[in-house]
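Chemist: Just one file: query13.pdb, with PDB, C-alpha atoms.
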```pdb
MODEL        1
ATOM      1  CA  MET A   1      31.205 -11.940  -8.434  1.00  0.00           C
ATOM      2  CA  PRO A   2      29.374  -8.765  -9.509  1.00  0.00           C
ATOM      3  CA  SER A   3      28.289  -6.546  -6.662  1.00  0.00           C
ATOM      4  CA  HIS A   4      25.097  -4.592  -6.308  1.00  0.00           C
ATOM      5  CA  ASP A   5      25.434  -1.064  -7.607  1.00  0.00           C
ATOM      6  CA  PRO A   6      24.137   1.453  -5.050  1.00  0.00           C
ATOM      7  CA  LEU A   7      20.820   2.994  -5.948  1.00  0.00           C
ATOM      8  CA  PRO A   8      20.874   6.736  -6.648  1.00  0.00           C
ATOM      9  CA  SER A   9      20.197   9.001  -3.703  1.00  0.00           C
ATOM     10  CA  ILE A  10      16.734  10.529  -4.062  1.00  0.00           C
ATOM     11  CA  ALA A  11      15.420  13.257  -1.821  1.00  0.00           C
ATOM     12  CA  ALA A  12      12.419  12.393   0.323  1.00  0.00           C
ATOM     13  CA  SER A  13      10.347  15.101  -1.397  1.00  0.00           C
ATOM     14  CA  GLU A  14      10.916  13.383  -4.750  1.00  0.00           C
ATOM     15  CA  ARG A  15      10.058   9.865  -3.552  1.00  0.00           C
ATOM     16  CA  THR A  16       6.599   9.584  -5.060  1.00  0.00           C
ATOM     17  CA  PRO A  17       4.730   6.250  -4.932  1.00  0.00           C
ATOM     18  CA  LEU A  18       5.821   5.604  -8.517  1.00  0.00           C
ATOM     19  CA  VAL A  19       9.473   6.263  -7.653  1.00  0.00           C
ATOM     20  CA  GLU A  20       9.240   3.970  -4.612  1.00  0.00           C
ATOM     21  CA  GLN A  21       7.736   1.228  -6.793  1.00  0.00           C
ATOM     22  CA  LEU A  22      10.453   1.610  -9.427  1.00  0.00           C
ATOM     23  CA  LEU A  23      13.189   1.514  -6.780  1.00  0.00           C
ATOM     24  CA  GLY A  24      11.704  -1.669  -5.362  1.00  0.00           C
ATOM     25  CA  GLN A  25      11.646  -3.283  -8.796  1.00  0.00           C
ATOM     26  CA  ILE A  26      15.246  -2.238  -9.413  1.00  0.00           C
ATOM     27  CA  GLU A  27      16.317  -3.809  -6.120  1.00  0.00           C
ATOM     28  CA  GLN A  28      14.542  -7.049  -7.047  1.00  0.00           C
ATOM     29  CA  LEU A  29      16.212  -7.136 -10.476  1.00  0.00           C
ATOM     30  CA  LEU A  30      19.626  -6.530  -8.925  1.00  0.00           C
ATOM     31  CA  GLU A  31      19.023  -9.367  -6.476  1.00  0.00           C
ATOM     32  CA  VAL A  32      17.926 -11.742  -9.262  1.00  0.00           C
ATOM     33  CA  ASN A  33      20.989 -10.803 -11.321  1.00  0.00           C
ATOM     34  CA  HIS A  34      23.234 -11.420  -8.327  1.00  0.00           C
ATOM     35  CA  ARG A  35      21.761 -14.887  -7.708  1.00  0.00           C
ATOM     36  CA  GLN A  36      22.024 -15.815 -11.371  1.00  0.00           C
ATOM     37  CA  ALA A  37      25.674 -14.800 -11.423  1.00  0.00           C
ATOM     38  CA  GLU A  38      26.316 -17.010  -8.384  1.00  0.00           C
ATOM     39  CA  HIS A  39      24.540 -19.936 -10.025  1.00  0.00           C
ATOM     40  CA  ILE A  40      26.537 -19.492 -13.251  1.00  0.00           C
ATOM     41  CA  GLN A  41      29.773 -19.498 -11.263  1.00  0.00           C
ATOM     42  CA  GLN A  42      28.729 -22.700  -9.497  1.00  0.00           C
ATOM     43  CA  LEU A  43      28.048 -24.362 -12.843  1.00  0.00           C
ATOM     44  CA  ARG A  44      31.438 -23.235 -14.122  1.00  0.00           C
ATOM     45  CA  ASP A  45      33.104 -24.685 -11.036  1.00  0.00           C
ATOM     46  CA  GLU A  46      31.306 -28.006 -11.511  1.00  0.00           C
ATOM     47  CA  ILE A  47      32.397 -28.132 -15.158  1.00  0.00           C
ATOM     48  CA  ALA A  48      35.970 -27.401 -14.107  1.00  0.00           C
ATOM     49  CA  VAL A  49      35.858 -30.217 -11.542  1.00  0.00           C
ATOM     50  CA  LEU A  50      34.567 -32.654 -14.167  1.00  0.00           C
ATOM     51  CA  LYS A  51      37.463 -31.659 -16.426  1.00  0.00           C
ATOM     52  CA  GLY A  52      39.944 -32.302 -13.631  1.00  0.00           C
ATOM     53  CA  GLN A  53      40.664 -28.644 -13.076  1.00  0.00           C
ATOM     54  CA  LYS A  54      40.602 -26.770  -9.809  1.00  0.00           C
ATOM     55  CA  ALA A  55      37.415 -24.944  -9.025  1.00  0.00           C
ATOM     56  CA  LYS A  56      37.548 -21.252  -8.317  1.00  0.00           C
ATOM     57  CA  PRO A  57      37.653 -20.610  -4.541  1.00  0.00           C
ATOM     58  CA  THR A  58      34.349 -19.274  -3.277  1.00  0.00           C
ATOM     59  CA  PHE A  59      34.130 -16.375  -0.887  1.00  0.00           C
ATOM     60  CA  LYS A  60      31.052 -15.840   1.211  1.00  0.00           C
ATOM     61  CA  PRO A  61      29.572 -12.422   0.400  1.00  0.00           C
ATOM     62  CA  SER A  62      28.661 -10.029   3.169  1.00  0.00           C
ATOM     63  CA  GLY A  63      24.994 -10.159   2.193  1.00  0.00           C
ATOM     64  CA  MET A  64      24.789  -6.378   1.772  1.00  0.00           C
ATOM     65  CA  GLU A  65      27.426  -4.990  -0.561  1.00  0.00           C
ATOM     66  CA  GLN A  66      26.046  -1.480  -0.602  1.00  0.00           C
ATOM     67  CA  GLY A  67      28.126   0.321   1.947  1.00  0.00           C
ATOM     68  CA  THR A  68      27.092  -1.466   5.150  1.00  0.00           C
ATOM     69  CA  GLU A  69      29.583  -3.501   7.109  1.00  0.00           C
ATOM     70  CA  PRO A  70      28.957  -7.240   7.645  1.00  0.00           C
ATOM     71  CA  SER A  71      28.724  -8.538  11.165  1.00  0.00           C
ATOM     72  CA  ASP A  72      31.703 -10.027  12.977  1.00  0.00           C
ATOM     73  CA  GLU A  73      29.995 -13.402  13.083  1.00  0.00           C
ATOM     74  CA  ALA A  74      29.451 -13.356   9.330  1.00  0.00           C
ATOM     75  CA  ASP A  75      33.092 -12.353   8.785  1.00  0.00           C
ATOM     76  CA  GLY A  76      34.290 -15.173  11.015  1.00  0.00           C
ATOM     77  CA  ASN A  77      32.133 -17.726   9.256  1.00  0.00           C
ATOM     78  CA  ALA A  78      33.326 -16.495   5.876  1.00  0.00           C
ATOM     79  CA  GLU A  79      36.986 -16.788   6.932  1.00  0.00           C
ATOM     80  CA  ASN A  80      36.490 -20.282   8.318  1.00  0.00           C
ATOM     81  CA  GLN A  81      34.613 -21.481   5.269  1.00  0.00           C
ATOM     82  CA  ASP A  82      37.053 -19.915   2.809  1.00  0.00           C
ATOM     83  CA  GLY A  83      39.987 -21.313   4.747  1.00  0.00           C
ATOM     84  CA  GLU A  84      38.523 -24.802   4.717  1.00  0.00           C
ATOM     85  CA  GLU A  85      37.806 -24.697   0.997  1.00  0.00           C
ATOM     86  CA  ARG A  86      41.227 -23.277   0.157  1.00  0.00           C
ATOM     87  CA  GLY A  87      42.825 -25.934   2.367  1.00  0.00           C
ATOM     88  CA  GLU A  88      40.995 -28.662   0.533  1.00  0.00           C
ATOM     89  CA  ASN A  89      42.175 -27.300  -2.801  1.00  0.00           C
ATOM     90  CA  GLU A  90      45.767 -27.073  -1.568  1.00  0.00           C
ATOM     91  CA  GLU A  91      45.647 -30.711  -0.497  1.00  0.00           C
ATOM     92  CA  GLY A  92      44.660 -31.708  -4.027  1.00  0.00           C
ATOM     93  CA  ARG A  93      41.044 -32.654  -3.355  1.00  0.00           C
ATOM     94  CA  SER A  94      39.856 -30.631  -6.314  1.00  0.00           C
ATOM     95  CA  LYS A  95      37.228 -33.118  -7.476  1.00  0.00           C
ATOM     96  CA  ARG A  96      34.879 -32.200  -4.665  1.00  0.00           C
ATOM     97  CA  PRO A  97      32.079 -29.892  -5.974  1.00  0.00           C
ATOM     98  CA  PRO A  98      31.954 -26.505  -4.282  1.00  0.00           C
ATOM     99  CA  ARG A  99      29.406 -26.110  -1.552  1.00  0.00           C
ATOM    100  CA  LYS A 100      26.405 -23.891  -2.124  1.00  0.00           C
ATOM    101  CA  ARG A 101      26.439 -20.609  -0.326  1.00  0.00           C
ATOM    102  CA  PRO A 102      24.510 -21.036   2.956  1.00  0.00           C
ATOM    103  CA  GLY A 103      21.062 -19.502   2.833  1.00  0.00           C
ATOM    104  CA  LEU A 104      20.822 -19.395  -0.976  1.00  0.00           C
ATOM    105  CA  SER A 105      18.176 -22.087  -1.370  1.00  0.00           C
ATOM    106  CA  LYS A 106      16.222 -20.802   1.626  1.00  0.00           C
ATOM    107  CA  ARG A 107      16.090 -17.320   0.164  1.00  0.00           C
ATOM    108  CA  ASN A 108      14.806 -18.706  -3.133  1.00  0.00           C
ATOM    109  CA  LYS A 109      11.973 -20.455  -1.299  1.00  0.00           C
ATOM    110  CA  THR A 110      10.876 -17.476   0.766  1.00  0.00           C
ATOM    111  CA  GLU A 111      11.240 -14.653  -1.737  1.00  0.00           C
ATOM    112  CA  GLN A 112       7.713 -15.266  -3.087  1.00  0.00           C
ATOM    113  CA  LEU A 113       6.050 -15.172   0.332  1.00  0.00           C
ATOM    114  CA  PRO A 114       3.386 -12.478   0.706  1.00  0.00           C
ATOM    115  CA  ILE A 115       4.398  -9.694   3.096  1.00  0.00           C
ATOM    116  CA  HIS A 116       1.602  -8.790   5.518  1.00  0.00           C
ATOM    117  CA  GLU A 117       3.503  -6.130   7.450  1.00  0.00           C
ATOM    118  CA  MET A 118       6.588  -4.060   6.661  1.00  0.00           C
ATOM    119  CA  LEU A 119       8.508  -2.418   9.487  1.00  0.00           C
ATOM    120  CA  LYS A 120      11.413  -0.032   8.972  1.00  0.00           C
ATOM    121  CA  ILE A 121      14.044  -0.274  11.713  1.00  0.00           C
ATOM    122  CA  ALA A 122      16.526   2.554  12.231  1.00  0.00           C
ATOM    123  CA  PRO A 123      19.964   2.005  13.854  1.00  0.00           C
ATOM    124  CA  SER A 124      19.894   2.006  17.647  1.00  0.00           C
ATOM    125  CA  VAL A 125      22.684   4.622  17.745  1.00  0.00           C
ATOM    126  CA  PRO A 126      22.389   8.174  16.335  1.00  0.00           C
ATOM    127  CA  VAL A 127      23.368   8.385  12.673  1.00  0.00           C
ATOM    128  CA  PRO A 128      26.265  10.828  12.213  1.00  0.00           C
ATOM    129  CA  GLU A 129      25.706  13.853  10.049  1.00  0.00           C
ATOM    130  CA  ASP A 130      26.629  13.643   6.365  1.00  0.00           C
ATOM    131  CA  SER A 131      25.969   9.867   6.450  1.00  0.00           C
ATOM    132  CA  ARG A 132      24.670   8.396   3.200  1.00  0.00           C
ATOM    133  CA  PHE A 133      21.549   6.261   3.169  1.00  0.00           C
ATOM    134  CA  LYS A 134      22.419   2.983   1.393  1.00  0.00           C
ATOM    135  CA  GLY A 135      19.036   1.292   1.271  1.00  0.00           C
ATOM    136  CA  TYR A 136      17.674  -1.546   3.380  1.00  0.00           C
ATOM    137  CA  ARG A 137      18.705  -5.046   4.392  1.00  0.00           C
ATOM    138  CA  ASP A 138      15.565  -7.183   4.502  1.00  0.00           C
ATOM    139  CA  PHE A 139      15.156  -9.749   7.284  1.00  0.00           C
ATOM    140  CA  LEU A 140      12.086 -11.919   6.720  1.00  0.00           C
ATOM    141  CA  VAL A 141      10.369 -13.411   9.760  1.00  0.00           C
ATOM    142  CA  GLN A 142       7.534 -15.925   9.444  1.00  0.00           C
ATOM    143  CA  ASP A 143       5.124 -15.958  12.351  1.00  0.00           C
ATOM    144  CA  LEU A 144       1.604 -17.045  13.212  1.00  0.00           C
ATOM    145  CA  ARG A 145      -1.054 -14.951  14.924  1.00  0.00           C
ATOM    146  CA  ILE A 146      -3.800 -16.768  16.799  1.00  0.00           C
ATOM    147  CA  ALA A 147      -6.224 -14.614  18.752  1.00  0.00           C
ATOM    148  CA  ALA A 148      -9.917 -14.193  19.321  1.00  0.00           C
ATOM    149  CA  HIS A 149     -11.603 -12.031  16.668  1.00  0.00           C
ATOM    150  CA  ASN A 150     -15.220 -11.192  17.405  1.00  0.00           C
ATOM    151  CA  THR A 151     -17.495  -9.600  14.812  1.00  0.00           C
ATOM    152  CA  CYS A 152     -20.929  -8.114  15.480  1.00  0.00           C
ATOM    153  CA  TYR A 153     -23.164  -8.212  12.413  1.00  0.00           C
ATOM    154  CA  ARG A 154     -25.814  -5.498  12.745  1.00  0.00           C
ATOM    155  CA  LEU A 155     -28.631  -6.793  10.581  1.00  0.00           C
ATOM    156  CA  GLU A 156     -30.954  -4.077   9.380  1.00  0.00           C
ATOM    157  CA  VAL A 157     -34.615  -4.699  10.116  1.00  0.00           C
ATOM    158  CA  TRP A 158     -37.229  -3.066   7.909  1.00  0.00           C
ATOM    159  CA  GLN A 159     -40.995  -3.257   7.928  1.00  0.00           C
ATOM    160  CA  THR A 160     -42.804  -2.764   4.654  1.00  0.00           C
ATOM    161  CA  PRO A 161     -46.129  -0.934   4.388  1.00  0.00           C
ATOM    162  CA  GLU A 162     -47.757  -4.340   4.085  1.00  0.00           C
ATOM    163  CA  GLY A 163     -46.366  -5.313   7.489  1.00  0.00           C
ATOM    164  CA  GLU A 164     -43.704  -7.712   6.192  1.00  0.00           C
ATOM    165  CA  TYR A 165     -40.295  -7.659   7.848  1.00  0.00           C
ATOM    166  CA  LEU A 166     -37.087  -7.523   5.843  1.00  0.00           C
ATOM    167  CA  LEU A 167     -33.895  -8.581   7.563  1.00  0.00           C
ATOM    168  CA  GLY A 168     -30.269  -8.161   6.474  1.00  0.00           C
ATOM    169  CA  GLU A 169     -28.676 -11.476   5.474  1.00  0.00           C
ATOM    170  CA  LEU A 170     -25.671 -12.938   7.231  1.00  0.00           C
ATOM    171  CA  PRO A 171     -22.695 -14.063   5.100  1.00  0.00           C
ATOM    172  CA  ALA A 172     -23.389 -17.507   3.686  1.00  0.00           C
ATOM    173  CA  SER A 173     -20.095 -18.820   5.112  1.00  0.00           C
ATOM    174  CA  LEU A 174     -21.489 -18.481   8.652  1.00  0.00           C
ATOM    175  CA  ASN A 175     -24.358 -20.844   7.883  1.00  0.00           C
ATOM    176  CA  GLY A 176     -26.295 -19.135  10.671  1.00  0.00           C
ATOM    177  CA  LYS A 177     -23.755 -20.116  13.344  1.00  0.00           C
ATOM    178  CA  HIS A 178     -22.186 -17.931  16.017  1.00  0.00           C
ATOM    179  CA  PHE A 179     -18.723 -19.303  15.271  1.00  0.00           C
ATOM    180  CA  GLY A 180     -16.833 -18.247  12.156  1.00  0.00           C
ATOM    181  CA  PRO A 181     -15.620 -20.610   9.425  1.00  0.00           C
ATOM    182  CA  GLU A 182     -11.921 -20.156  10.226  1.00  0.00           C
ATOM    183  CA  LEU A 183     -12.463 -21.112  13.871  1.00  0.00           C
ATOM    184  CA  ARG A 184     -14.503 -24.141  12.813  1.00  0.00           C
ATOM    185  CA  ARG A 185     -11.863 -25.225  10.278  1.00  0.00           C
ATOM    186  CA  TYR A 186      -9.193 -24.930  12.952  1.00  0.00           C
ATOM    187  CA  MET A 187     -11.219 -27.048  15.367  1.00  0.00           C
ATOM    188  CA  LEU A 188     -11.809 -29.728  12.716  1.00  0.00           C
ATOM    189  CA  TYR A 189      -8.129 -29.794  11.758  1.00  0.00           C
ATOM    190  CA  GLN A 190      -6.929 -30.035  15.363  1.00  0.00           C
ATOM    191  CA  HIS A 191      -9.398 -32.758  16.246  1.00  0.00           C
ATOM    192  CA  HIS A 192      -9.332 -34.966  13.140  1.00  0.00           C
ATOM    193  CA  HIS A 193      -5.786 -34.441  11.818  1.00  0.00           C
ATOM    194  CA  CYS A 194      -3.803 -33.649  14.969  1.00  0.00           C
ATOM    195  CA  HIS A 195      -5.888 -35.967  17.190  1.00  0.00           C
ATOM    196  CA  VAL A 196      -6.525 -33.307  19.837  1.00  0.00           C
ATOM    197  CA  THR A 197      -9.254 -34.523  22.149  1.00  0.00           C
ATOM    198  CA  GLN A 198     -12.394 -32.491  22.699  1.00  0.00           C
ATOM    199  CA  PRO A 199     -11.536 -31.651  26.352  1.00  0.00           C
ATOM    200  CA  LEU A 200      -8.089 -30.362  25.370  1.00  0.00           C
ATOM    201  CA  LEU A 201      -9.531 -28.411  22.440  1.00  0.00           C
ATOM    202  CA  TYR A 202     -12.182 -26.892  24.707  1.00  0.00           C
ATOM    203  CA  GLU A 203      -9.522 -25.878  27.251  1.00  0.00           C
ATOM    204  CA  GLN A 204      -7.378 -24.342  24.502  1.00  0.00           C
ATOM    205  CA  LEU A 205     -10.225 -22.272  23.089  1.00  0.00           C
ATOM    206  CA  ARG A 206     -11.214 -21.036  26.531  1.00  0.00           C
ATOM    207  CA  GLU A 207      -7.622 -19.916  27.160  1.00  0.00           C
ATOM    208  CA  TRP A 208      -7.863 -17.864  23.959  1.00  0.00           C
ATOM    209  CA  ASP A 209     -11.007 -16.135  25.311  1.00  0.00           C
ATOM    210  CA  ILE A 210     -13.388 -18.005  23.015  1.00  0.00           C
ATOM    211  CA  ASP A 211     -16.763 -18.134  24.792  1.00  0.00           C
ATOM    212  CA  ILE A 212     -17.797 -21.690  23.955  1.00  0.00           C
ATOM    213  CA  SER A 213     -19.293 -24.594  25.856  1.00  0.00           C
ATOM    214  CA  VAL A 214     -18.452 -28.290  25.854  1.00  0.00           C
ATOM    215  CA  GLY A 215     -21.718 -29.029  24.062  1.00  0.00           C
ATOM    216  CA  GLN A 216     -20.963 -26.451  21.360  1.00  0.00           C
ATOM    217  CA  VAL A 217     -17.532 -27.974  20.774  1.00  0.00           C
ATOM    218  CA  ASP A 218     -19.126 -31.380  20.311  1.00  0.00           C
ATOM    219  CA  ALA A 219     -21.784 -29.965  17.975  1.00  0.00           C
ATOM    220  CA  LEU A 220     -19.231 -28.142  15.805  1.00  0.00           C
ATOM    221  CA  LEU A 221     -17.126 -31.290  15.478  1.00  0.00           C
ATOM    222  CA  SER A 222     -20.112 -33.434  14.519  1.00  0.00           C
ATOM    223  CA  GLY A 223     -21.259 -34.178  10.989  1.00  0.00           C
ATOM    224  CA  GLY A 224     -22.267 -31.693   8.333  1.00  0.00           C
ATOM    225  CA  ASN A 225     -18.812 -30.158   7.896  1.00  0.00           C
ATOM    226  CA  GLU A 226     -17.947 -31.643   4.512  1.00  0.00           C
ATOM    227  CA  ALA A 227     -18.765 -28.446   2.591  1.00  0.00           C
ATOM    228  CA  LEU A 228     -16.792 -26.387   5.094  1.00  0.00           C
ATOM    229  CA  LEU A 229     -13.694 -28.552   4.694  1.00  0.00           C
ATOM    230  CA  ARG A 230     -13.961 -28.325   0.899  1.00  0.00           C
ATOM    231  CA  GLY A 231     -14.288 -24.552   1.105  1.00  0.00           C
ATOM    232  CA  GLU A 232     -17.750 -24.567  -0.452  1.00  0.00           C
ATOM    233  CA  ARG A 233     -20.430 -22.023   0.391  1.00  0.00           C
ATOM    234  CA  PRO A 234     -23.430 -23.529   2.176  1.00  0.00           C
ATOM    235  CA  PRO A 235     -26.849 -23.081   0.588  1.00  0.00           C
ATOM    236  CA  VAL A 236     -28.666 -19.895   1.538  1.00  0.00           C
ATOM    237  CA  ASP A 237     -32.202 -20.075   2.834  1.00  0.00           C
ATOM    238  CA  ASN A 238     -34.001 -17.175   1.169  1.00  0.00           C
ATOM    239  CA  ARG A 239     -37.293 -17.822   2.869  1.00  0.00           C
ATOM    240  CA  SER A 240     -38.634 -14.838   4.784  1.00  0.00           C
ATOM    241  CA  GLY A 241     -41.192 -14.952   7.535  1.00  0.00           C
ATOM    242  CA  GLY A 242     -43.522 -12.434   9.039  1.00  0.00           C
ATOM    243  CA  GLN A 243     -41.124 -11.585  11.883  1.00  0.00           C
ATOM    244  CA  PRO A 244     -37.374 -10.880  11.997  1.00  0.00           C
ATOM    245  CA  HIS A 245     -35.346 -14.010  12.770  1.00  0.00           C
ATOM    246  CA  HIS A 246     -32.540 -14.404  15.268  1.00  0.00           C
ATOM    247  CA  HIS A 247     -30.234 -17.329  14.574  1.00  0.00           C
ATOM    248  CA  GLY A 248     -29.050 -19.388  17.489  1.00  0.00           C
ATOM    249  CA  GLY A 249     -25.625 -20.895  17.990  1.00  0.00           C
TER     250      GLY A 249
ENDMDL
END
```
Step by step, read the file and then write its structure as structure tokens.
Modeler:
Amino acid sequence: MPSHDPLPSIAASERTPLVEQLLGQIEQLLEVNHRQAEHIQQLRDEIAVLKGQKAKPTFKPSGMEQGTEPSDEADGNAENQDGEERGENEEGRSKRPPRKRPGLSKRNKTEQLPIHEMLKIAPSVPVPEDSRFKGYRDFLVQDLRIAAHNTCYRLEVWQTPEGEYLLGELPASLNGKHFGPELRRYMLYQHHHCHVTQPLLYEQLREWDIDISVGQVDALLSGGNEALLRGERPPVDNRSGGQPHHHGG
């Protein structure tokens, strides 16, 4: 199986944004080439099994063939898996298709996920002098953040020479309410799809520091939410009065 060639060592002073982007693209191309080579070998093994030949023994790669050492657990799993597959071949059970490398399909599914935050983690022990930097080993973690997020919209108020008041307009998605569209969508989903009762939903929101009353929960879960669920923008009332308006909850 072809291994990843180490990327050239580039001094930090020469790592411009363009160089960083090119290095990232090179790493992605190397990863795609590596996966394609694995898939081609699997197809060759399946063809060999159909012809009555023995499939080539598979060896679990370390996951980072660029100078870093695999973990003991990964080494142990690789030895056990390779031993089992070699034992099966020695016993003559060569018609069994080779197993896919663990984690391959999962990586294919998650490689297109958007990355919201990138954290670089250095080794916990001091790096000896004259050590060579060999790149990064990515470890993707999917998580969910749920927290109160309060926004104060400061609407400008102007008075024209004729005495008319002009007021800054709220985003149409608010529809004049004191609770944002994402919070309202969450409440609708929990109540109608997950069958969370209004008392439990009220208690949950209060624990997340959402200042809301029982009556407001009931009002937000009542009718008139079809456009919100479809993601449509509610109609905007462009009427202006003689005095600045303050929208209630």
Chemist: Work out how far atom CA of Ala148 of chain A is from atom CA of His193 of chain A, in Å to one decimal.
Modeler: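 Separation of atom CA of His193 of chain A and atom CA of Ala148 of chain A: 22.0 Å.
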Chemist: So what do you get for atom CA of Gln25 of chain A versus atom CA of Gly135 of chain A, distance-wise?
Modeler: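 Distance reported for this atom pair: 13.3 Å.
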Chemist: If I take atom CA of Leu113 of chain A and atom CA of Gln41 of chain A, how far is one from the other in Å, to one decimal?
Modeler: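 So the two atoms, atom CA of Leu113 of chain A and atom CA of Gln41 of chain A, lie 26.8 Å apart.
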Chemist: Please identify all polymer residues within 8 Å of segment 196-209 of chain A, counting only C-alpha atoms, omitting same-chain residues fewer than 5 positions from it, and present them as a VMD selection string.
Modeler: chain A and resid 147 to 148 187 190 to 191 214 217 to 218
Chemist: Looking at only C-alpha atoms, which of A:Ser222, A:Gln53, A:Thr151, A:Gln159 is the one that sits closest to Gly180 of chain A?
Modeler: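 Of A:Ser222, A:Gln53, A:Thr151, A:Gln159, the one nearest Gly180 of chain A is A:Thr151, counting only C-alpha atoms.
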Chemist: Would you translate the PyMOL selection byres ((chain A and resi 141) around 12) into the concrete set of residues it matches in this file, as a PyMOL selection string?
Modeler: chain A and resi 107+110-111+113-119+138-140+142-144
Chemist: Considering only C-alpha atoms, state which residue in the set A:Leu183, A:Leu188, A:Glu14, A:Ala48 is at the smallest distance from Ile146 of chain A.
Modeler: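 Closest residue, counting only C-alpha atoms: A:Leu183.
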Chemist: Go through A:His178, A:His192, A:His34, A:Lys51 one by one, measure the shortest atom-to-atom distance of each to Cys152 of chain A using only C-alpha atoms, and give the residue with the smallest value.
Modeler: A:His178
